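Colleague: Pasting model-v7.cif below, which is mmCIF, C-alpha atoms.
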```
data_start
#
loop_
_atom_site.group_PDB
_atom_site.id
_atom_site.type_symbol
_atom_site.label_atom_id
_atom_site.label_comp_id
_atom_site.auth_asym_id
_atom_site.auth_seq_id
_atom_site.Cartn_x
_atom_site.Cartn_y
_atom_site.Cartn_z
ATOM 1 C CA MET A 156 123.476 200.343 188.798
ATOM 2 C CA ALA A 157 119.887 201.406 188.237
ATOM 3 C CA ALA A 158 118.806 199.919 191.575
ATOM 4 C CA VAL A 159 121.533 201.786 193.458
ATOM 5 C CA ALA A 160 120.593 205.036 191.739
ATOM 6 C CA GLN A 161 116.958 204.531 192.673
ATOM 7 C CA VAL A 162 117.853 203.987 196.326
ATOM 8 C CA GLY A 163 119.933 207.186 196.297
ATOM 9 C CA CYS A 164 117.089 209.177 194.746
ATOM 10 C CA ARG A 165 114.592 207.854 197.262
ATOM 11 C CA GLY A 166 116.954 208.755 200.120
ATOM 12 C CA ALA A 167 117.425 212.311 198.858
ATOM 13 C CA ARG A 168 113.686 212.724 198.351
ATOM 14 C CA LEU A 169 112.974 211.512 201.909
ATOM 15 C CA LYS A 170 115.593 213.891 203.355
ATOM 16 C CA TRP A 171 113.979 216.837 201.548
ATOM 17 C CA LEU A 172 110.502 215.865 202.733
ATOM 18 C CA LEU A 173 111.633 215.600 206.348
ATOM 19 C CA SER A 174 113.437 218.956 206.223
ATOM 20 C CA SER A 175 110.219 220.627 205.057
ATOM 21 C CA LEU A 176 108.097 219.393 207.968
ATOM 22 C CA LYS A 177 106.934 221.965 210.519
ATOM 23 C CA PRO A 178 108.359 221.807 214.082
ATOM 24 C CA GLY A 179 106.382 219.469 216.309
ATOM 25 C CA PHE A 180 105.002 217.482 213.372
ATOM 26 C CA HIS A 181 104.777 213.822 214.330
ATOM 27 C CA VAL A 182 106.730 211.460 212.081
ATOM 28 C CA PRO A 183 105.483 207.862 212.374
ATOM 29 C CA ARG A 184 108.122 205.300 213.300
ATOM 30 C CA ALA A 185 109.551 203.746 210.184
ATOM 31 C CA ARG A 186 108.677 200.140 209.502
ATOM 32 C CA PRO A 187 111.389 197.636 208.609
ATOM 33 C CA PRO A 188 112.386 197.972 204.969
ATOM 34 C CA ALA A 189 110.646 195.681 202.519
ATOM 35 C CA ALA A 190 112.474 192.517 201.534
ATOM 36 C CA PHE A 191 114.584 192.575 198.424
ATOM 37 C CA ARG A 192 112.639 191.790 195.273
ATOM 38 C CA THR A 193 111.870 188.090 195.229
ATOM 39 C CA THR A 194 109.293 188.084 192.460
ATOM 40 C CA VAL A 195 110.320 187.324 188.900
ATOM 41 C CA THR A 196 109.338 189.942 186.342
ATOM 42 C CA SER A 197 109.486 189.496 182.588
ATOM 43 C CA ALA A 198 109.606 191.798 179.588
ATOM 44 C CA LYS A 199 110.877 192.137 176.040
ATOM 45 C CA VAL A 200 113.375 194.636 174.673
ATOM 46 C CA ALA A 201 114.400 195.387 171.084
ATOM 47 C CA VAL A 202 117.977 194.233 170.440
ATOM 48 C CA ASN A 203 119.707 193.812 167.073
ATOM 49 C CA GLY A 204 116.481 193.712 165.099
ATOM 50 C CA VAL A 205 114.570 191.250 167.319
ATOM 51 C CA HIS A 206 112.571 191.465 170.538
ATOM 52 C CA LEU A 207 114.395 189.473 173.200
ATOM 53 C CA HIS A 208 112.489 188.130 176.187
ATOM 54 C CA TYR A 209 114.066 188.093 179.625
ATOM 55 C CA GLN A 210 113.151 187.423 183.252
ATOM 56 C CA LEU A 211 114.620 189.406 186.135
ATOM 57 C CA THR A 212 114.717 188.998 189.899
ATOM 58 C CA GLY A 213 116.734 190.364 192.817
ATOM 59 C CA GLU A 214 118.225 193.783 193.525
ATOM 60 C CA GLY A 215 121.884 193.052 194.174
ATOM 61 C CA ALA A 216 124.669 195.147 192.723
ATOM 62 C CA HIS A 217 126.135 192.123 190.912
ATOM 63 C CA ALA A 218 124.301 191.378 187.642
ATOM 64 C CA VAL A 219 124.240 187.719 186.603
ATOM 65 C CA LEU A 220 122.966 186.560 183.208
ATOM 66 C CA LEU A 221 121.709 182.969 182.805
ATOM 67 C CA LEU A 222 122.232 181.524 179.315
ATOM 68 C CA PRO A 223 120.090 178.476 178.446
ATOM 69 C CA GLY A 224 120.949 175.379 176.462
ATOM 70 C CA MET A 225 119.737 173.964 173.159
ATOM 71 C CA LEU A 226 116.014 174.693 172.636
ATOM 72 C CA GLY A 227 115.857 176.135 176.142
ATOM 73 C CA SER A 228 114.638 179.334 177.737
ATOM 74 C CA GLY A 229 115.106 181.114 181.034
ATOM 75 C CA GLY A 230 111.903 179.633 182.400
ATOM 76 C CA THR A 231 112.493 176.030 181.330
ATOM 77 C CA ASP A 232 116.196 175.877 182.163
ATOM 78 C CA PHE A 233 116.771 177.917 185.320
ATOM 79 C CA ALA A 234 113.813 177.740 187.704
ATOM 80 C CA PRO A 235 115.949 176.872 190.793
ATOM 81 C CA GLN A 236 118.408 179.673 190.043
ATOM 82 C CA LEU A 237 115.702 182.295 189.487
ATOM 83 C CA SER A 238 113.996 181.289 192.714
ATOM 84 C CA SER A 239 116.953 180.679 195.009
ATOM 85 C CA LEU A 240 120.094 182.617 194.067
ATOM 86 C CA ASN A 241 120.719 185.352 196.644
ATOM 87 C CA LYS A 242 118.460 188.299 195.788
ATOM 88 C CA LYS A 243 120.357 190.678 198.039
ATOM 89 C CA LEU A 244 123.720 190.031 196.402
ATOM 90 C CA PHE A 245 122.636 189.526 192.810
ATOM 91 C CA THR A 246 120.308 190.825 190.157
ATOM 92 C CA VAL A 247 119.581 187.673 188.163
ATOM 93 C CA ILE A 248 118.508 187.865 184.527
ATOM 94 C CA ALA A 249 117.532 184.848 182.432
ATOM 95 C CA TRP A 250 117.150 185.428 178.709
ATOM 96 C CA ASP A 251 115.611 183.574 175.773
ATOM 97 C CA PRO A 252 117.944 183.664 172.743
ATOM 98 C CA ARG A 253 116.363 184.657 169.429
ATOM 99 C CA GLY A 254 114.078 181.935 168.119
ATOM 100 C CA TYR A 255 113.860 180.232 171.524
ATOM 101 C CA GLY A 256 111.332 180.565 174.310
ATOM 102 C CA HIS A 257 109.387 183.795 174.049
ATOM 103 C CA SER A 258 111.955 185.531 171.832
ATOM 104 C CA ARG A 259 109.863 184.634 168.773
ATOM 105 C CA PRO A 260 109.482 185.601 166.058
ATOM 106 C CA PRO A 261 111.806 184.904 164.347
ATOM 107 C CA ASP A 262 112.000 181.129 164.150
ATOM 108 C CA ARG A 263 115.338 179.773 165.276
ATOM 109 C CA ASP A 264 117.998 179.233 162.610
ATOM 110 C CA PHE A 265 121.579 178.014 162.758
ATOM 111 C CA PRO A 266 124.017 179.809 160.459
ATOM 112 C CA VAL A 267 127.648 178.984 161.099
ATOM 113 C CA ASP A 268 127.996 182.068 163.318
ATOM 114 C CA PHE A 269 124.901 181.436 165.460
ATOM 115 C CA PHE A 270 126.916 181.214 168.679
ATOM 116 C CA GLU A 271 128.656 184.528 167.917
ATOM 117 C CA ARG A 272 125.260 186.050 167.144
ATOM 118 C CA ASP A 273 123.891 184.822 170.483
ATOM 119 C CA ALA A 274 126.932 186.215 172.311
ATOM 120 C CA LYS A 275 126.439 189.659 170.769
ATOM 121 C CA ASP A 276 122.694 189.553 171.461
ATOM 122 C CA ALA A 277 123.299 188.626 175.096
ATOM 123 C CA VAL A 278 125.830 191.394 175.709
ATOM 124 C CA ASP A 279 123.739 193.970 173.863
ATOM 125 C CA LEU A 280 120.653 192.940 175.851
ATOM 126 C CA MET A 281 122.460 193.583 179.125
ATOM 127 C CA LYS A 282 123.727 196.925 177.849
ATOM 128 C CA ALA A 283 120.184 197.840 176.791
ATOM 129 C CA LEU A 284 119.120 197.067 180.369
ATOM 130 C CA ARG A 285 121.890 199.464 181.492
ATOM 131 C CA PHE A 286 124.090 197.029 183.359
ATOM 132 C CA GLU A 287 127.678 198.259 183.368
ATOM 133 C CA GLN A 288 129.191 194.802 183.813
ATOM 134 C CA VAL A 289 127.856 191.270 184.113
ATOM 135 C CA SER A 290 128.790 187.749 185.148
ATOM 136 C CA LEU A 291 127.642 184.804 183.048
ATOM 137 C CA LEU A 292 126.162 181.418 183.942
ATOM 138 C CA GLY A 293 126.062 179.317 180.782
ATOM 139 C CA TRP A 294 124.647 175.821 180.417
ATOM 140 C CA SER A 295 125.456 173.601 177.425
ATOM 141 C CA ASP A 296 124.993 175.766 174.301
ATOM 142 C CA GLY A 297 124.717 178.699 176.703
ATOM 143 C CA GLY A 298 128.158 177.801 178.004
ATOM 144 C CA ILE A 299 129.564 178.043 174.486
ATOM 145 C CA THR A 300 127.860 181.405 174.051
ATOM 146 C CA ALA A 301 129.315 182.546 177.385
ATOM 147 C CA LEU A 302 132.845 181.553 176.361
ATOM 148 C CA ILE A 303 132.545 183.535 173.141
ATOM 149 C CA ALA A 304 131.098 186.553 174.937
ATOM 150 C CA ALA A 305 133.890 186.502 177.522
ATOM 151 C CA ALA A 306 136.533 186.272 174.786
ATOM 152 C CA LYS A 307 135.063 188.983 172.565
ATOM 153 C CA TYR A 308 133.867 191.424 175.238
ATOM 154 C CA PRO A 309 136.436 190.943 178.014
ATOM 155 C CA SER A 310 135.968 194.312 179.711
ATOM 156 C CA TYR A 311 132.231 193.681 180.087
ATOM 157 C CA ILE A 312 132.353 190.208 181.643
ATOM 158 C CA SER A 313 133.210 190.056 185.345
ATOM 159 C CA LYS A 314 133.141 186.303 186.062
ATOM 160 C CA MET A 315 131.827 183.197 184.352
ATOM 161 C CA VAL A 316 130.459 179.771 185.300
ATOM 162 C CA ILE A 317 129.920 177.185 182.556
ATOM 163 C CA TRP A 318 128.850 173.549 182.544
ATOM 164 C CA GLY A 319 128.006 171.043 179.814
ATOM 165 C CA ALA A 320 129.869 173.099 177.182
ATOM 166 C CA ASN A 321 132.293 172.143 174.436
ATOM 167 C CA ALA A 322 134.668 174.171 172.285
ATOM 168 C CA TYR A 323 134.760 171.737 169.347
ATOM 169 C CA VAL A 324 132.847 168.791 167.861
ATOM 170 C CA THR A 325 134.204 165.249 167.513
ATOM 171 C CA ASP A 326 132.900 162.062 165.885
ATOM 172 C CA GLU A 327 131.810 160.914 169.345
ATOM 173 C CA ASP A 328 129.819 164.120 169.810
ATOM 174 C CA ASP A 329 128.215 163.641 166.399
ATOM 175 C CA ARG A 330 126.971 160.186 167.393
ATOM 176 C CA ILE A 331 125.462 161.670 170.565
ATOM 177 C CA TYR A 332 123.737 164.433 168.590
ATOM 178 C CA GLN A 333 122.244 161.977 166.111
ATOM 179 C CA GLY A 334 120.864 160.040 169.068
ATOM 180 C CA ILE A 335 118.760 163.005 170.216
ATOM 181 C CA ARG A 336 117.653 164.194 166.766
ATOM 182 C CA ASP A 337 114.201 162.573 166.994
ATOM 183 C CA VAL A 338 112.299 164.194 169.888
ATOM 184 C CA SER A 339 109.650 161.447 169.762
ATOM 185 C CA LYS A 340 112.296 159.170 171.296
ATOM 186 C CA TRP A 341 113.003 161.504 174.215
ATOM 187 C CA SER A 342 111.620 160.690 177.619
ATOM 188 C CA GLU A 343 108.349 162.438 178.387
ATOM 189 C CA LYS A 344 110.033 164.214 181.310
ATOM 190 C CA ALA A 345 112.594 165.777 178.969
ATOM 191 C CA ARG A 346 110.192 166.520 176.126
ATOM 192 C CA LYS A 347 107.052 167.733 177.875
ATOM 193 C CA PRO A 348 108.175 171.204 179.128
ATOM 194 C CA LEU A 349 109.533 172.086 175.695
ATOM 195 C CA GLU A 350 106.483 170.678 173.942
ATOM 196 C CA VAL A 351 104.273 172.877 176.134
ATOM 197 C CA LEU A 352 106.459 175.884 175.301
ATOM 198 C CA TYR A 353 106.740 175.354 171.546
ATOM 199 C CA GLY A 354 104.174 172.848 170.388
ATOM 200 C CA TYR A 355 105.355 169.491 169.087
ATOM 201 C CA ASP A 356 105.909 170.516 165.463
ATOM 202 C CA TYR A 357 108.149 173.511 166.197
ATOM 203 C CA LEU A 358 110.078 171.502 168.798
ATOM 204 C CA ALA A 359 110.678 168.579 166.438
ATOM 205 C CA ARG A 360 111.578 170.799 163.491
ATOM 206 C CA THR A 361 113.937 172.994 165.514
ATOM 207 C CA CYS A 362 115.691 170.028 167.100
ATOM 208 C CA GLU A 363 116.400 168.628 163.628
ATOM 209 C CA LYS A 364 117.749 172.034 162.575
ATOM 210 C CA TRP A 365 119.880 172.236 165.734
ATOM 211 C CA VAL A 366 121.527 168.877 164.981
ATOM 212 C CA GLU A 367 122.365 170.092 161.480
ATOM 213 C CA GLY A 368 123.611 173.372 162.925
ATOM 214 C CA ILE A 369 125.910 171.870 165.549
ATOM 215 C CA THR A 370 127.324 169.136 163.314
ATOM 216 C CA GLN A 371 128.399 171.669 160.704
ATOM 217 C CA PHE A 372 131.317 172.473 163.004
ATOM 218 C CA LYS A 373 132.639 168.937 162.608
ATOM 219 C CA ARG A 374 133.419 169.794 158.998
ATOM 220 C CA LEU A 375 135.645 172.687 160.062
ATOM 221 C CA PRO A 376 139.337 172.207 160.949
ATOM 222 C CA ASP A 377 139.598 170.462 164.347
ATOM 223 C CA GLY A 378 135.804 170.577 164.608
ATOM 224 C CA ASN A 379 136.255 174.121 165.845
ATOM 225 C CA ILE A 380 133.440 176.066 167.496
ATOM 226 C CA CYS A 381 135.381 178.455 169.715
ATOM 227 C CA ARG A 382 138.636 176.723 170.682
ATOM 228 C CA HIS A 383 140.624 179.545 169.057
ATOM 229 C CA LEU A 384 138.963 182.046 171.394
ATOM 230 C CA LEU A 385 139.656 180.303 174.713
ATOM 231 C CA PRO A 386 143.078 181.938 175.277
ATOM 232 C CA LEU A 387 141.363 185.338 174.977
ATOM 233 C CA VAL A 388 139.124 184.759 177.991
ATOM 234 C CA GLN A 389 140.380 186.969 180.832
ATOM 235 C CA CYS A 390 137.718 186.701 183.536
ATOM 236 C CA PRO A 391 137.850 184.228 186.427
ATOM 237 C CA THR A 392 136.047 181.124 185.179
ATOM 238 C CA LEU A 393 134.526 178.169 186.984
ATOM 239 C CA ILE A 394 133.983 175.052 184.874
ATOM 240 C CA VAL A 395 131.582 172.568 186.446
ATOM 241 C CA HIS A 396 131.327 169.062 185.018
ATOM 242 C CA GLY A 397 129.014 166.207 185.909
ATOM 243 C CA GLU A 398 130.974 162.999 185.700
ATOM 244 C CA LYS A 399 127.860 161.109 184.603
ATOM 245 C CA ASP A 400 126.975 163.569 181.827
ATOM 246 C CA PRO A 401 125.797 161.405 178.893
ATOM 247 C CA LEU A 402 125.856 164.282 176.400
ATOM 248 C CA VAL A 403 129.206 166.036 176.953
ATOM 249 C CA PRO A 404 132.249 163.834 177.644
ATOM 250 C CA ARG A 405 134.768 164.833 180.320
ATOM 251 C CA PHE A 406 137.513 165.652 177.813
ATOM 252 C CA HIS A 407 135.618 168.790 176.780
ATOM 253 C CA ALA A 408 135.714 170.213 180.294
ATOM 254 C CA ASP A 409 139.402 169.328 180.577
ATOM 255 C CA PHE A 410 140.186 171.065 177.279
ATOM 256 C CA ILE A 411 138.420 174.268 178.280
ATOM 257 C CA HIS A 412 140.143 174.219 181.670
ATOM 258 C CA GLU A 413 143.528 173.766 180.024
ATOM 259 C CA HIS A 414 143.060 176.660 177.598
ATOM 260 C CA VAL A 415 141.227 179.230 179.739
ATOM 261 C CA LYS A 416 144.026 180.553 181.894
ATOM 262 C CA SER A 417 141.924 181.976 184.729
ATOM 263 C CA SER A 418 139.821 178.852 185.206
ATOM 264 C CA ARG A 419 139.283 176.115 187.731
ATOM 265 C CA LEU A 420 137.477 172.816 187.278
ATOM 266 C CA HIS A 421 134.920 171.457 189.738
ATOM 267 C CA LEU A 422 133.708 167.885 189.292
ATOM 268 C CA MET A 423 130.351 166.595 190.546
ATOM 269 C CA PRO A 424 130.621 162.785 190.732
ATOM 270 C CA GLU A 425 126.863 162.160 190.478
ATOM 271 C CA GLY A 426 126.111 165.081 188.172
ATOM 272 C CA LYS A 427 124.601 164.579 184.741
ATOM 273 C CA HIS A 428 123.961 167.164 182.047
ATOM 274 C CA ASN A 429 121.277 168.916 184.122
ATOM 275 C CA LEU A 430 123.323 169.023 187.328
ATOM 276 C CA HIS A 431 122.139 172.563 188.148
ATOM 277 C CA LEU A 432 118.572 171.241 188.337
ATOM 278 C CA ARG A 433 119.186 167.863 189.938
ATOM 279 C CA PHE A 434 121.600 169.262 192.536
ATOM 280 C CA ALA A 435 120.295 172.825 192.607
ATOM 281 C CA LYS A 436 121.194 173.676 196.199
ATOM 282 C CA GLU A 437 124.781 172.432 195.880
ATOM 283 C CA PHE A 438 125.162 174.164 192.528
ATOM 284 C CA ASN A 439 123.715 177.465 193.712
ATOM 285 C CA ASN A 440 125.991 177.494 196.761
ATOM 286 C CA LEU A 441 128.981 176.794 194.543
ATOM 287 C CA VAL A 442 128.037 179.634 192.200
ATOM 288 C CA GLU A 443 127.386 182.142 194.986
ATOM 289 C CA ASP A 444 130.728 181.392 196.639
ATOM 290 C CA PHE A 445 132.541 181.799 193.318
ATOM 291 C CA LEU A 446 130.816 185.010 192.280
ATOM 292 C CA GLN A 447 131.349 186.871 195.566
#
```
What would you get if you wrote out this structure as structure tokens?
Modeller:
Amino acid sequence: MAAVAQVGCRGARLKWLLSSLKPGFHVPRARPPAAFRTTVTSAKVAVNGVHLHYQLTGEGAHAVLLLPGMLGSGGTDFAPQLSSLNKKLFTVIAWDPRGYGHSRPPDRDFPVDFFERDAKDAVDLMKALRFEQVSLLGWSDGGITALIAAAKYPSYISKMVIWGANAYVTDEDDRIYQGIRDVSKWSEKARKPLEVLYGYDYLARTCEKWVEGITQFKRLPDGNICRHLLPLVQCPTLIVHGEKDPLVPRFHADFIHEHVKSSRLHLMPEGKHNLHLRFAKEFNNLVEDFLQ
């Protein structure tokens, strides 16, 4: 890891400096080492023809990538994880997929392979940042992206936590998606952060495009998004499901658990779709225990 290499270089440099001091030279008593990086830094890096925005915090040897949901970004979707996941154990990276957050331009579009495109972008971003291996935390659409990444790049993915994800689209899902198509009908609490990020027009237009993009899978055999890839996932996988999730029915979590062989299912009785925000402390503890 880059952080480990930097520590080694600093140690070697200090040893050389001390060896060059004259006898009798007074060396001040060392102060306690500074705390691990707790600030969140952000930058963009060129990946696959676009400039992808990411946020980074912590200096742990274990790299963890946070993958946001529909219309989301690292900043809007993962504030409690960026602030509170263990900075000593983990280096936490939250990215904005192309067309979302600050990874614009381009505007977001939804070809039939948009999840595969996001999975490749995410893996290539982490490789560009020189991480040798990574664990994934994927919420909603980000959970689908994580499943695809784990299936297609198995040697690169260490562990995975997903919640609010589905591997196929049903008629019931389609009815749910149509119910959120019009952002003017969202609650202000749900709409406001995204409206601040995008402006109302881009938010409304992109939500309409997302509904068209996700429902195109219903026209495929078995409504398939990535169900054919689930048996290819090799990494230990934790599936978290909120039993009061109004957007993703329980049968989706059960299906993923049944078909990902190295998985376990954790149910949160009071959890809704945003369980990692509403129950952030419980969720973060669960994730840290699983990833160690």
Colleague: Taking the file as shown, find all residues satisfying the PyMOL selection byres ((chain A and resi 398) around 6) and write them as a VMD selection string.
Modeller: chain A and resid 397 399 to 400 424 426
Colleague: Name the residues that the PyMOL selection byres ((chain A and resi 415) around 12) picks from the file above, as a VMD selection string, using the file's chain letters and numbers.
Modeller: chain A and resid 302 to 303 305 to 306 315 317 322 381 to 394 408 to 414 416 to 420
Colleague: Enter the distance from atom CA of Gln236 of chain A to atom CA of Pro348 of chain A, in Å, rounded to one decimal.
Modeller: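 Atom CA of Pro348 of chain A lies 17.2 Å from atom CA of Gln236 of chain A.
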Colleague: Please indicate the distance in Å from atom CA of Val202 of chain A to atom CA of Gly230 of chain A, rounded to one decimal place.
Modeller: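 Taking atom CA of Val202 of chain A as the start and atom CA of Gly230 of chain A as the end point, the length is 19.8 Å.
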Colleague: Can you work out the spacing between atom CA of Pro260 of chain A and atom CA of Leu226 of chain A in Å, to one decimal?
Modeller: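 These atoms are spaced 14.3 Å apart.
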Colleague: Could you please fill out segment 241-262 of chain A with N, CA, C and O atoms and send it back as a PDB file, in the frame of the given file?
Modeller:
```
ATOM      1  N   ASN A 241     120.852 184.283 195.649  1.00  0.00           N
ATOM      2  CA  ASN A 241     120.719 185.352 196.644  1.00  0.00           C
ATOM      3  C   ASN A 241     120.259 186.664 196.006  1.00  0.00           C
ATOM      4  O   ASN A 241     120.966 187.263 195.197  1.00  0.00           O
ATOM      5  N   LYS A 242     119.054 187.101 196.382  1.00  0.00           N
ATOM      6  CA  LYS A 242     118.460 188.299 195.788  1.00  0.00           C
ATOM      7  C   LYS A 242     119.087 189.583 196.315  1.00  0.00           C
ATOM      8  O   LYS A 242     118.968 190.634 195.705  1.00  0.00           O
ATOM      9  N   LYS A 243     119.726 189.501 197.463  1.00  0.00           N
ATOM     10  CA  LYS A 243     120.357 190.678 198.039  1.00  0.00           C
ATOM     11  C   LYS A 243     121.719 190.943 197.389  1.00  0.00           C
ATOM     12  O   LYS A 243     122.120 192.092 197.199  1.00  0.00           O
ATOM     13  N   LEU A 244     122.404 189.881 197.013  1.00  0.00           N
ATOM     14  CA  LEU A 244     123.720 190.031 196.402  1.00  0.00           C
ATOM     15  C   LEU A 244     123.655 190.222 194.897  1.00  0.00           C
ATOM     16  O   LEU A 244     124.499 190.899 194.309  1.00  0.00           O
ATOM     17  N   PHE A 245     122.654 189.599 194.263  1.00  0.00           N
ATOM     18  CA  PHE A 245     122.636 189.526 192.810  1.00  0.00           C
ATOM     19  C   PHE A 245     121.339 190.056 192.217  1.00  0.00           C
ATOM     20  O   PHE A 245     120.272 189.919 192.812  1.00  0.00           O
ATOM     21  N   THR A 246     121.448 190.645 191.043  1.00  0.00           N
ATOM     22  CA  THR A 246     120.308 190.825 190.157  1.00  0.00           C
ATOM     23  C   THR A 246     120.441 189.753 189.087  1.00  0.00           C
ATOM     24  O   THR A 246     121.433 189.740 188.336  1.00  0.00           O
ATOM     25  N   VAL A 247     119.498 188.852 189.030  1.00  0.00           N
ATOM     26  CA  VAL A 247     119.581 187.673 188.163  1.00  0.00           C
ATOM     27  C   VAL A 247     118.670 187.875 186.956  1.00  0.00           C
ATOM     28  O   VAL A 247     117.478 188.160 187.108  1.00  0.00           O
ATOM     29  N   ILE A 248     119.252 187.713 185.774  1.00  0.00           N
ATOM     30  CA  ILE A 248     118.508 187.865 184.527  1.00  0.00           C
ATOM     31  C   ILE A 248     118.638 186.567 183.733  1.00  0.00           C
ATOM     32  O   ILE A 248     119.747 186.066 183.536  1.00  0.00           O
ATOM     33  N   ALA A 249     117.521 186.027 183.295  1.00  0.00           N
ATOM     34  CA  ALA A 249     117.532 184.848 182.432  1.00  0.00           C
ATOM     35  C   ALA A 249     116.930 185.247 181.094  1.00  0.00           C
ATOM     36  O   ALA A 249     115.822 185.790 181.051  1.00  0.00           O
ATOM     37  N   TRP A 250     117.634 184.987 180.016  1.00  0.00           N
ATOM     38  CA  TRP A 250     117.150 185.428 178.709  1.00  0.00           C
ATOM     39  C   TRP A 250     116.770 184.248 177.827  1.00  0.00           C
ATOM     40  O   TRP A 250     117.200 183.114 178.050  1.00  0.00           O
ATOM     41  N   ASP A 251     115.944 184.531 176.824  1.00  0.00           N
ATOM     42  CA  ASP A 251     115.611 183.574 175.773  1.00  0.00           C
ATOM     43  C   ASP A 251     116.318 184.032 174.505  1.00  0.00           C
ATOM     44  O   ASP A 251     115.992 185.100 173.964  1.00  0.00           O
ATOM     45  N   PRO A 252     117.302 183.268 173.999  1.00  0.00           N
ATOM     46  CA  PRO A 252     117.944 183.664 172.743  1.00  0.00           C
ATOM     47  C   PRO A 252     116.937 183.730 171.595  1.00  0.00           C
ATOM     48  O   PRO A 252     115.876 183.112 171.649  1.00  0.00           O
ATOM     49  N   ARG A 253     117.283 184.490 170.567  1.00  0.00           N
ATOM     50  CA  ARG A 253     116.363 184.657 169.429  1.00  0.00           C
ATOM     51  C   ARG A 253     115.928 183.302 168.869  1.00  0.00           C
ATOM     52  O   ARG A 253     116.738 182.384 168.698  1.00  0.00           O
ATOM     53  N   GLY A 254     114.630 183.174 168.655  1.00  0.00           N
ATOM     54  CA  GLY A 254     114.078 181.935 168.119  1.00  0.00           C
ATOM     55  C   GLY A 254     113.764 180.889 169.166  1.00  0.00           C
ATOM     56  O   GLY A 254     113.189 179.844 168.843  1.00  0.00           O
ATOM     57  N   TYR A 255     114.141 181.142 170.415  1.00  0.00           N
ATOM     58  CA  TYR A 255     113.860 180.232 171.524  1.00  0.00           C
ATOM     59  C   TYR A 255     112.883 180.889 172.500  1.00  0.00           C
ATOM     60  O   TYR A 255     112.803 182.120 172.594  1.00  0.00           O
ATOM     61  N   GLY A 256     112.198 180.060 173.260  1.00  0.00           N
ATOM     62  CA  GLY A 256     111.332 180.565 174.310  1.00  0.00           C
ATOM     63  C   GLY A 256     110.336 181.571 173.776  1.00  0.00           C
ATOM     64  O   GLY A 256     109.616 181.325 172.801  1.00  0.00           O
ATOM     65  N   HIS A 257     110.306 182.737 174.438  1.00  0.00           N
ATOM     66  CA  HIS A 257     109.387 183.795 174.049  1.00  0.00           C
ATOM     67  C   HIS A 257     110.058 184.870 173.200  1.00  0.00           C
ATOM     68  O   HIS A 257     109.450 185.921 172.962  1.00  0.00           O
ATOM     69  N   SER A 258     111.278 184.606 172.748  1.00  0.00           N
ATOM     70  CA  SER A 258     111.955 185.531 171.832  1.00  0.00           C
ATOM     71  C   SER A 258     111.648 185.138 170.383  1.00  0.00           C
ATOM     72  O   SER A 258     112.540 184.935 169.549  1.00  0.00           O
ATOM     73  N   ARG A 259     110.360 184.968 170.101  1.00  0.00           N
ATOM     74  CA  ARG A 259     109.863 184.634 168.773  1.00  0.00           C
ATOM     75  C   ARG A 259     108.704 185.560 168.437  1.00  0.00           C
ATOM     76  O   ARG A 259     107.896 185.886 169.333  1.00  0.00           O
ATOM     77  N   PRO A 260     108.563 185.928 167.147  1.00  0.00           N
ATOM     78  CA  PRO A 260     109.482 185.601 166.058  1.00  0.00           C
ATOM     79  C   PRO A 260     110.838 186.279 166.251  1.00  0.00           C
ATOM     80  O   PRO A 260     110.932 187.179 167.082  1.00  0.00           O
ATOM     81  N   PRO A 261     111.848 185.833 165.482  1.00  0.00           N
ATOM     82  CA  PRO A 261     111.806 184.904 164.347  1.00  0.00           C
ATOM     83  C   PRO A 261     111.909 183.447 164.801  1.00  0.00           C
ATOM     84  O   PRO A 261     112.198 183.181 165.977  1.00  0.00           O
ATOM     85  N   ASP A 262     111.684 182.521 163.881  1.00  0.00           N
ATOM     86  CA  ASP A 262     112.000 181.129 164.150  1.00  0.00           C
ATOM     87  C   ASP A 262     113.516 181.000 164.301  1.00  0.00           C
ATOM     88  O   ASP A 262     114.290 181.788 163.743  1.00  0.00           O
TER      89      ASP A 262
END
```
